[in-house]
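Working notes for the structure below.
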Amino acid sequence: MTPLVEAYLLIDQPRQRLGHWSAALAALDSPEAPPLASVLVLYDPTTDQALINLRYDALALGSDRLAFVIEVALLAEIGMIQPAELSEGERRRFLTERLARCTIQVPSSRNAVGGLVELVRRLRDQRNVAKPAFEPQPQPAPPRGDTSDPVLLVTAKGTRNNIQQLEKFPRPTSPHRHVVSRVSRAETVAAPDLDEYMDEYLNEYDDPQRTSPAPYAQAAGPDSETKTIYARYLRSGKWVPIRIGALSLKGAALMTGALPRLHDHVDVSLSFSGHRALVRGAVGKVSSMSEAAATGASTFSVAFELDTAARRQLTALLTAAREQKVTIKPPPARATRRFVVEWPICLGTMRGAIKADALDISTSGMFVRPVVALALDTVLNFSSVLDDGGGPVAGRAKIVRQLTEVEAASVGLAPGFGLSIVEMSAADELRWHAFIARIERRAAKRVLVGASPERLGELQGVLAAAGYAVLGGTDPGALVQLASSDARPVDAALIDASWLDTGTAAASIESLFSARNVPCITVQGDSRRARGQVDKLLAVAGPKNHTVARS
């Protein structure tokens with residue numbers, strides 16, 4: 001028989017992050033991927049992880065072996081275990097201890113995403129099992145003797161027979177409800193309450209409802225750059241950098257240009273001095289458009305929902321930051337909000353034209369990722385073709401900031417350079433501000449995409465690059481799960497025309513969106529047309545109802 005090559009992918013929080021993992025694993029089911037011999041999805045409740053066992057025919061993999069799977073795992077930041085590469089002792093422990101903890105097993109023949117969706121469905125079914133309607137009540141004990149003239153079978157005896165001894169000691173006179181003082185209690189308790197300890201740290205998270213410009217956590221001193229708590233949150237399958245205003249085990253106040261929606265559940269990644277924490281929580285407060293325009297900062301608060309692993313990671317990070325005396329410091333003043341995009345920009349330097357992508361933009365500047373390095377404090381030309389159908393806009397900008405590859409890799413961000421716009425013509429400046437206004441309206445919208453694996457990434461990339469928050473699925477069942485998981489429906493749904501082959505599947509998807517009053521469109525052909533159709537559906541290019549602050 002042809003030998004099989006297997007690997008295990010470790011998927012954290014599969015139930016909470018189904019949409020993200022479905023999009024990340026879609027490449028494994030695409031025609032470009034090596035054909036799967038079998039898939040087995042397991043669930044480990046002790047770590048809240050799904051283990052996806054992928055098995056490939058050795059002849060089908062060829063000389064590349066698992067190079068394709070390794071690339072998918074690296075891009076999605078997924079842990080991967082190859083039993084064949086482990087030592088004999090490690091392999092035995094993995095097979096006998098780790099796999100033995102898995103309580104649910106879902107065989108899914110040759111579809112990785114379908115197996116993960118089925119696992120999440122079973123987990124939700126287990127969680128939603130209703131309690132029995134009737135619970136037997138304990139029967140009262142039979143009476144002893146005659147109830148009209150009861151006879152005590154034993155002599156009554158008090159529970160305190162050492163009153164004389166206790167009177168030798170004075171009673172506590174503290175007016176507080178704690179008999180033992182907090183100081184003495186701290187000396188006698190071996191493990192203090194981490195919630196009480198950490199809630200006093202980093203601004204105590206006293207006012208999570210605040211909407212003032214959020215500061216960020218940084219330690220004072222010449223080496224403060226190495227003592228910054230870096231943060232990012234997952235949006236449209238990409239990590240968006242954010243700044244910290246307050247942080248504790250309860251939650252955080254954060255600042256970003258791409259705001260989530262109220263009551264959304266978001267994933268937040270934190271890193272500090274070698275410590276990392278991945279946490280998840282519900283959005284409790286989002287600054288309004290008027291507040292963001294007045295201050296140049298858009299903030300939101302998150303109430304964490306920590307499992308054992310996340311609590312341990314966050315506690316270690318906060319403890320390390322406390323030891324380094326990290327404090328809250330106001331961020332540099334900003335005249336306008338920044339919005340997350342991935343828009344092509346051409347930079348004119350002394351060495352000629354350079355291609356770059358603008359990863360965030362505002363009316364007064366941008367953060368770009370060029371193909372070659374730039375020099376700080378230099379002034380260069382830039383130009384870009386906007387989404388209004390006109391010619392390119394142009395101007396001059398100064399390079400004011402750099403995030404090196406080493407710094408970016410340590411905190412999980414993209415390297416690049418910060419540019420401050422110093423000159424634009426009046427006509428180009430007017431078009432640039434209108435472009436920012438369209439990005440701002442897109443940033444407040446969420447679009448759900450249903451497409452085949454090879455088309456999903458293409459459609460998601462086009463919409464996310466223009467500012468939309470995007471979710472996607474390659475399986476009709478996964479799409480239904482994504483559409484039904486949130487109490488608040490998405491703003492629009494985009495379906496690829498070649499995705500749904502059967503009329504039954506198309507009718508079920510259309511009825512789902514119709515029941516939730518979600519506008520739905522079907523696209524085919526060039527993916528760039530999809531952005532224009534979604535813009536028209538959501539009236540993004542129409543008159544704006546608020547003013548974008550000017551620098």
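Naming works like this for the structure tokens: A, B, ... for the chains as they're shown, residue 1 at the start of each chain, ligands 1 onward in shown order.
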
Compile a residue-level contact table for region 234-316 of chain A against region 414-430 of chain A at a cut-off of 12 Å, reporting for every qualifying residue the shortest atom pair and its distance in Å to one decimal, with only C-alpha atoms counted, rows ordered by chain and ascending number, as a Markdown table.
```
| residue | atom | partner | partner_atom | distance |
| --- | --- | --- | --- | --- |
| A:Lys238 | CA | A:Ala414 | CA | 10.8 |
| A:Trp239 | CA | A:Ala414 | CA | 9.3 |
| A:Val240 | CA | A:Ala414 | CA | 9.6 |
| A:Pro241 | CA | A:Ala414 | CA | 9.1 |
```

Counting only C-alpha atoms, figure out which residue out of A:Ser288, A:Ala310, A:Leu413, A:Val371 gets nearest to Arg232 (chain A).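 Using only C-alpha atoms, the shortest distance to Arg232 (chain A) belongs to A:Leu413.
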
What does the distance from CA of Ala492 (chain A) to CA of Glu305 (chain A) come to in Å, to one decimal?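 Separation between CA of Ala492 (chain A) and CA of Glu305 (chain A): 28.2 Å.
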
What is the distance between CA of Gly395 (chain A) and CA of Glu407 (chain A), in Å to one decimal?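 Value for the CA of Gly395 (chain A)-CA of Glu407 (chain A) distance: 29.1 Å.
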
What is the CA of Glu405 (chain A)-CA of Glu71 (chain A) distance in Å, reported with one decimal? 19.8 Å

For Gln13 (chain A), which residue among A:Val120, A:Ile345, A:Leu262, A:Ala443 is the nearest when counting only C-alpha atoms?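 Smallest separation from Gln13 (chain A) among the options: A:Val120.
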
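Counting only C-alpha atoms, the residue from A:Lys250, A:Arg280, A:Lys536, A:Arg455 that sits nearest to Asp264 (chain A) is A:Arg280.
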
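Among the candidates A:Lys285, A:Ala252, A:Arg446, A:Gly467, the residue lying nearest to Ala358 (chain A) is A:Gly467 (atoms considered: only C-alpha atoms).
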
Have a look at A:Ser452, A:Leu318, A:Ser383, A:Ala375 and name the one nearest to Asp29 (chain A); count only C-alpha atoms.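 Using only C-alpha atoms, Asp29 (chain A) sits closest to A:Ser452.
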
Using only C-alpha atoms, which of the listed residues (A:Arg110, A:Leu247, A:Arg15, A:Leu10) sits closest to Pro34 (chain A)?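 For Pro34 (chain A), the nearest of the given residues is A:Arg110.
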
Just the residues within 7 Å of Val518 (chain A), please, counting only C-alpha atoms, with nothing from its chain fewer than 5 positions along; format it as an MDAnalysis selection string. chainID A and resid 490:493 513

Output of the above residues as an mmCIF file, in the first residue's frame, restricted to N, CA and C atoms:
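Heads up, here's the output in part32.cif:
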```cif
data_model
loop_
_atom_site.group_PDB
_atom_site.id
_atom_site.type_symbol
_atom_site.label_atom_id
_atom_site.label_comp_id
_atom_site.auth_asym_id
_atom_site.auth_seq_id
_atom_site.Cartn_x
_atom_site.Cartn_y
_atom_site.Cartn_z
ATOM 1 N N VAL A 490 -25.182 41.161 9.181
ATOM 2 C CA VAL A 490 -24.218 41.895 8.361
ATOM 3 C C VAL A 490 -24.964 42.946 7.543
ATOM 4 N N ASP A 491 -24.208 43.893 6.993
ATOM 5 C CA ASP A 491 -24.829 44.974 6.221
ATOM 6 C C ASP A 491 -25.147 44.551 4.792
ATOM 7 N N ALA A 492 -24.391 43.587 4.259
ATOM 8 C CA ALA A 492 -24.629 43.125 2.891
ATOM 9 C C ALA A 492 -24.001 41.754 2.725
ATOM 10 N N ALA A 493 -24.501 41.017 1.734
ATOM 11 C CA ALA A 493 -23.950 39.699 1.399
ATOM 12 C C ALA A 493 -23.576 39.697 -0.077
ATOM 13 N N PHE A 513 -30.823 35.234 4.074
ATOM 14 C CA PHE A 513 -30.570 36.671 4.072
ATOM 15 C C PHE A 513 -31.863 37.463 4.007
#
```

Could you give me, as JSON, numbers by chain, the residues within 12 Å of Met350 (chain A), counting only C-alpha atoms and dropping anything in the same chain fewer than 6 positions from it? {"A": [374, 375, 378, 379, 380, 381]}

Suppose we keep C-alpha atoms; can you now write the selection as a PDB file, in the first residue's frame?
```pdb
ATOM      1  CA  LEU A 374      13.309  54.668   2.347  1.00  0.00           C
ATOM      2  CA  ALA A 375      15.366  57.255   4.235  1.00  0.00           C
ATOM      3  CA  THR A 378      13.393  62.975   3.341  1.00  0.00           C
ATOM      4  CA  VAL A 379      10.671  64.546   1.213  1.00  0.00           C
ATOM      5  CA  LEU A 380       9.336  62.612  -1.786  1.00  0.00           C
ATOM      6  CA  ASN A 381       6.519  62.739  -4.334  1.00  0.00           C
TER       7      ASN A 381
END
```
